[in-house]
Amino acid sequence: MKTTKNKSRTSIKTNKSLNKYSSDSFFKDKVEEAKQFFKKYELPSHLKKTTHKRVKAA
Amino acid sequence: MNVEPYSLGTNDEHTIYVFTSSGPKGEIVKGVAYSLIEDETDTYNLGLGDWKDGKLDDKSRTNNGDVDKVLLIVAETARDFLQMYPTYKITFKGNTYPKHRLYRRKISVYLEEIKEEYKVVGWKDNKWCDYESDTDYERYLIANK
């Protein structure tokens, strides 16, 4: 386990046993509801821009 | 899963976090998941629930007497997630009205501190509005400034 660098007061450690799960598999009904919401309503323009891509697990 | 109380464990992607709530009802492992909503805008849903056998259940009402600590830990996951992915946005809403109202109250308490680092908007009257304390919103959205 390693501790990540962050500004928070809580220690955050990587837990390899969590790597077998996909975050996209949880709360599917809520996620679907949110997807429908964002299809219907756009983000404010000042929040739309994105350049950073998700880091895939090794 | 054995997790030290209130210390956070996360996967390599920093999209799943687990911690243990500790209170009168014992130790309960809880989890936070950031699930992709929109690839185009990198918007992620924040979900919180009890971690049971690799699943997250947001229907349970733990009432373990540590709601403030739990919400602070959830805030720490958001801080970590947005540090890991600076252009991402987090959206969330309570799955019940009491929970939704609780989130609103907590955001209001820490609003000035939150606004120093983050943009906070809420959906109200069919538009996104800058978050104002003690105002009802249908959904919240947080992003780095």
# chains A, B, ... in the order shown; residues from 1 in each chain; ligands from 1
>>> closest_atom_pairs(of="chain B", to="chain A", cutoff="7 Å", atoms="only C-alpha atoms", output="CSV")
residue,atom,partner,partner_atom,distance
B:Ser7,CA,A:Ser11,CA,5.7
B:Leu8,CA,A:Ile12,CA,4.7
B:Gly9,CA,A:Lys13,CA,4.9
B:Thr10,CA,A:Thr14,CA,4.8
B:Asn11,CA,A:Leu18,CA,5.0
B:Asp12,CA,A:Ala57,CA,5.7
B:Glu13,CA,A:Ala57,CA,5.6
B:Thr15,CA,A:Ser23,CA,6.0
B:Ile16,CA,A:Ser23,CA,5.9
B:Ala33,CA,A:Ser23,CA,5.4
B:Tyr34,CA,A:Ser23,CA,5.9
B:Ser35,CA,A:Asp24,CA,4.6
B:Leu36,CA,A:Asp24,CA,6.3
B:Ile37,CA,A:Lys35,CA,5.3
B:Glu38,CA,A:Lys35,CA,6.9
B:Thr41,CA,A:Lys48,CA,5.7
B:Asp42,CA,A:Thr50,CA,6.8
B:Asn45,CA,A:Val31,CA,6.4
B:Gly47,CA,A:Phe27,CA,6.7
B:Leu56,CA,A:Phe26,CA,6.4
B:Glu76,CA,A:Ser8,CA,6.4
B:Asp80,CA,A:Asn6,CA,6.8
B:Tyr85,CA,A:His52,CA,6.7
B:Thr87,CA,A:Thr50,CA,5.6
B:Trp128,CA,A:Pro44,CA,6.6
>>> residues_around(residues="region 92-101 of chain B", least_positions_apart="5", cutoff="8 Å", atoms="only C-alpha atoms", output="list of chain:residue names")
B:Asn45, B:Leu46, B:Gly47, B:Asp58, B:Asp136, B:Glu138, B:Arg139, B:Tyr140, B:Leu141
>>> select_by_dssp(residues="region 65-141 of chain B", states="strand (DSSP E or B)", output="ChimeraX atom specification")
/B:89-92,118-124,127-130,140-141
>>> write_last_selection(atoms="C-alpha atoms", output="tab-separated table (two decimals), in the first residue's frame")
chain	number	residue	atom	x	y	z
B	89	LYS	CA	-16.98	17.56	-12.43
B	90	ILE	CA	-18.88	15.82	-9.68
B	91	THR	CA	-22.65	15.75	-9.55
B	92	PHE	CA	-24.82	14.34	-6.79
B	118	TYR	CA	-14.28	24.93	-6.07
B	119	LYS	CA	-17.14	26.10	-8.22
B	120	VAL	CA	-20.45	24.96	-6.77
B	121	VAL	CA	-23.66	25.18	-8.76
B	122	GLY	CA	-27.14	23.84	-8.24
B	123	TRP	CA	-30.00	23.08	-10.62
B	124	LYS	CA	-33.04	25.18	-9.84
B	127	LYS	CA	-31.13	26.37	-14.89
B	128	TRP	CA	-27.76	26.07	-13.18
B	129	CYS	CA	-27.27	28.69	-10.51
B	130	ASP	CA	-24.32	29.60	-8.33
B	140	TYR	CA	-25.55	19.74	-7.19
B	141	LEU	CA	-22.41	20.06	-9.28
>>> atom_distance(atom1="CA of Lys25 (chain B)", atom2="CA of Gly65 (chain B)")
8.4 Å
>>> residues_around(residues="Asp68 (chain B)", least_positions_apart="5", cutoff="12 Å", atoms="only C-alpha atoms", output="mmCIF file with C-alpha atoms, in the first residue's frame")
data_model
loop_
_atom_site.group_PDB
_atom_site.id
_atom_site.type_symbol
_atom_site.label_atom_id
_atom_site.label_comp_id
_atom_site.auth_asym_id
_atom_site.auth_seq_id
_atom_site.Cartn_x
_atom_site.Cartn_y
_atom_site.Cartn_z
ATOM 1 C CA TYR B 6 -12.243 6.845 8.930
ATOM 2 C CA SER B 21 -18.011 4.155 10.075
ATOM 3 C CA SER B 22 -17.676 3.568 13.793
ATOM 4 C CA GLY B 23 -20.500 4.169 16.261
ATOM 5 C CA ASN B 63 -27.856 5.843 11.868
ATOM 6 C CA ILE B 73 -14.877 11.755 4.694
ATOM 7 C CA VAL B 74 -17.059 11.908 1.594
ATOM 8 C CA ALA B 75 -15.863 15.492 1.087
ATOM 9 C CA LEU B 102 -28.752 17.172 4.764
ATOM 10 C CA TYR B 103 -26.247 17.558 1.908
ATOM 11 C CA ARG B 105 -27.148 21.990 4.961
ATOM 12 C CA LYS B 106 -23.591 20.678 5.057
ATOM 13 C CA ILE B 107 -22.596 22.458 1.863
ATOM 14 C CA VAL B 109 -22.058 25.297 6.535
#
